[in-house]
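**Student:** Please find one structure pasted underneath; my questions will follow.
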Amino acid sequence: MTQRVLLIVSGGIAAYKSLELVRLLRKRGIAVRAVLTQSAAQFVTPLSLGVLTEDQVYEDLFDLKAEREIGHIQLSRQADLVVVAPATANILARMANGIADDLATTLLLATDKPVLAVPAMNVRMWHHKATQRNLHQLRADGVHVMEPDDGAMACGEFGKGRLPEPEAIATEIARLLALPLPVDMLSDQPDFAGDARPLAGRHILITAGPTQEPIDPVRYIANRSSGKQGFAIAAAAARAGARVTLVAGPVHLLTPAGVDRVDVETARQMLAAVESALPADAAIMVAAVADWRTADAADQKLKKDGSGQPAPLTLVENPDILATLGHHPQRPALLIGFAAETQQIADHARAKLARKGADWIVANDVSGDVMGGDANSVQIVTTAGIETWPTLPKGEVADKLIEKVANALSSRPD
Ligand code: CTP
């Protein structure tokens, strides 16, 4: 079935790139219906968007003809995914606050479909506290937000805020729609040796996201993991034909197509879900499990007692899920851990490999903005040596890793 994107183009100098984005999406067989904000129409014409989408371009909430024929509620729900690209600081602010004062923002408020925002703006506007606050709110509301690129800006300044390349946006859209990459993009992608479903018949177990360890009924210990990398790996494994169990901590992400998802909160729940999903051919432990939990989570909300002294928190170590699997009677044939490191990456990863009884450690350089970002720089550390991969979008890291898993499993007996 054709997948459909509702593309909202807001007004910025990068708006012209929406034309190339539409072309790339159409090339992948995705239908696009475009909505232009009033200011976007200063940068791209409805005519050029209409030609490329081969559809009517919508601009005005009070276009009664369209309202009679289709209605804004219907328009907002006929798509599988709503994409705002470029998303200006202004439209992000309106989205974050639920303001519906034109057709674009009315559709965004009315939709029940996942939304991807692709911000583009001046570097200072990007870093402004108000914009960052709005982005934080949007992410908390479940909106997917792509990180802008770094570089020279149309206004002469330099920094973060450039619209990502249309190819990268198209790839992210395809990933959210859980579409396989088109054949012409697979050239430097995993070579499945002619087998499009190299993991058919295999069970792959994946953990992703953070864990939340309760302090009392309203507070918890957690970390900044977004779950994006683990979810991308689950999607890639499902595309490769595997039965996939994804044990996920609390994240704002859609379940990829064909994936069995088990939602958990704490490390102990995650361990229990992982053990009950065994046996598996391979386990990929991507979750950022909290190392500690409170010794006793309080049943009632902790109150200040007036003494000025904080409530004492006693922490105890959580079970190590990866290490438990590494020494488990039902240990998967291939066991892969992730290691978030900021320094001496390979050395720490090698030590972790031995300590946790894993076959590979995917060492993640988290000195940049990997947590929550869309790209990842990894090294694959095995007893045989170290492979260094270039910085890649998380979706491509996932595809490459799944290719490597498929190759490793195919050289092992069932
Ligand atoms: N992991 C796990 N259970 C835990 C902690 C970590 O399964 N309680 C897994 C993670 O999913 C990841 C790997 O172990 O695959 C590495 O996690 P990391 O937190 O980097 O390892 P630690 O042993 O906590 O080492 P560090 O001292 O670097 O924190």
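We name chains A, B, ... following the order of the structure tokens; residues begin at 1 in each chain, and ligands are numbered from 1 as shown.
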Would you mind listing, for every residue of range 113-231 of chain A within 10 Å of range 388-395 of chain A, the two atoms forming the shortest contact and the distance between them in Å to one decimal, using only C-alpha atoms, sorted by chain and ascending residue number, as JSON lines?

**Tutor:**
{"residue": "A:Ala168", "atom": "CA", "partner": "A:Pro393", "partner_atom": "CA", "distance": 8.1}
{"residue": "A:Thr171", "atom": "CA", "partner": "A:Gly395", "partner_atom": "CA", "distance": 8.2}
{"residue": "A:Glu172", "atom": "CA", "partner": "A:Gly395", "partner_atom": "CA", "distance": 7.7}
{"residue": "A:Ala174", "atom": "CA", "partner": "A:Gly395", "partner_atom": "CA", "distance": 10.0}
{"residue": "A:Arg175", "atom": "CA", "partner": "A:Gly395", "partner_atom": "CA", "distance": 7.1}
{"residue": "A:Leu176", "atom": "CA", "partner": "A:Gly395", "partner_atom": "CA", "distance": 10.0}
{"residue": "A:Lys228", "atom": "CA", "partner": "A:Lys394", "partner_atom": "CA", "distance": 7.4}
{"residue": "A:Gln229", "atom": "CA", "partner": "A:Lys394", "partner_atom": "CA", "distance": 5.6}
{"residue": "A:Gly230", "atom": "CA", "partner": "A:Lys394", "partner_atom": "CA", "distance": 9.0}
{"residue": "A:Phe231", "atom": "CA", "partner": "A:Gly395", "partner_atom": "CA", "distance": 9.0}

**Student:** Would you export the selected residues with C-alpha atoms as a PDB file, in the first residue's frame, please?

**Tutor:**
ATOM      1  CA  ALA A 168      18.854  12.484   5.079  1.00  0.00           C
ATOM      2  CA  THR A 171      15.821   8.444   4.841  1.00  0.00           C
ATOM      3  CA  GLU A 172      14.430   9.446   8.231  1.00  0.00           C
ATOM      4  CA  ALA A 174      11.316   6.144   5.256  1.00  0.00           C
ATOM      5  CA  ARG A 175      12.633   4.853   8.578  1.00  0.00           C
ATOM      6  CA  LEU A 176       9.641   6.251  10.459  1.00  0.00           C
ATOM      7  CA  LYS A 228      16.438   5.784  18.790  1.00  0.00           C
ATOM      8  CA  GLN A 229      19.427   3.544  18.079  1.00  0.00           C
ATOM      9  CA  GLY A 230      17.818   0.446  19.608  1.00  0.00           C
ATOM     10  CA  PHE A 231      14.536   1.069  17.777  1.00  0.00           C
TER      11      PHE A 231
END

**Student:** Dump the neighbourhood of ligand 1 as an MDAnalysis selection string: all residues within 10 Å, distances computed on only C-alpha atoms and all ligand atoms.

**Tutor:** chainID A and resid 206:211 230 267:268 270:271 274 283:292 317:326 335:342 345 348:349 351:353 355:356 358 360:364

**Student:** From range 39-249 of chain A, collect each residue whose DSSP state is strand (DSSP E) and return the set as a ChimeraX atom specification.

**Tutor:** /A:81-87,115-119,144-145,149-152,158-162,203-208,213-216,219-221,243-248

**Student:** Hey, what's within 8 Å of His72 in chain A if we count only C-alpha atoms and toss same-chain stuff fewer than 6 positions away? As a PDB file with N, CA, C and O atoms, in the first residue's frame, please?

**Tutor:**
ATOM      1  N   LEU A  61      -6.656  28.041   5.481  1.00  0.00           N
ATOM      2  CA  LEU A  61      -7.674  27.384   6.308  1.00  0.00           C
ATOM      3  C   LEU A  61      -9.083  27.750   5.841  1.00  0.00           C
ATOM      4  O   LEU A  61     -10.012  26.989   5.960  1.00  0.00           O
ATOM      5  N   LEU A 103      -3.715  27.210   8.569  1.00  0.00           N
ATOM      6  CA  LEU A 103      -4.040  25.841   8.161  1.00  0.00           C
ATOM      7  C   LEU A 103      -3.002  24.847   8.692  1.00  0.00           C
ATOM      8  O   LEU A 103      -3.347  23.805   9.245  1.00  0.00           O
ATOM      9  N   THR A 106      -3.292  24.260  12.407  1.00  0.00           N
ATOM     10  CA  THR A 106      -4.573  23.602  12.703  1.00  0.00           C
ATOM     11  C   THR A 106      -4.471  22.114  12.384  1.00  0.00           C
ATOM     12  O   THR A 106      -4.908  21.259  13.161  1.00  0.00           O
ATOM     13  N   LEU A 107      -3.824  21.803  11.264  1.00  0.00           N
ATOM     14  CA  LEU A 107      -3.647  20.391  10.901  1.00  0.00           C
ATOM     15  C   LEU A 107      -2.792  19.687  11.945  1.00  0.00           C
ATOM     16  O   LEU A 107      -3.071  18.551  12.330  1.00  0.00           O
ATOM     17  N   ALA A 110      -4.804  18.933  14.892  1.00  0.00           N
ATOM     18  CA  ALA A 110      -5.920  18.009  14.665  1.00  0.00           C
ATOM     19  C   ALA A 110      -5.461  16.593  14.349  1.00  0.00           C
ATOM     20  O   ALA A 110      -6.244  15.653  14.451  1.00  0.00           O
TER      21      ALA A 110
END
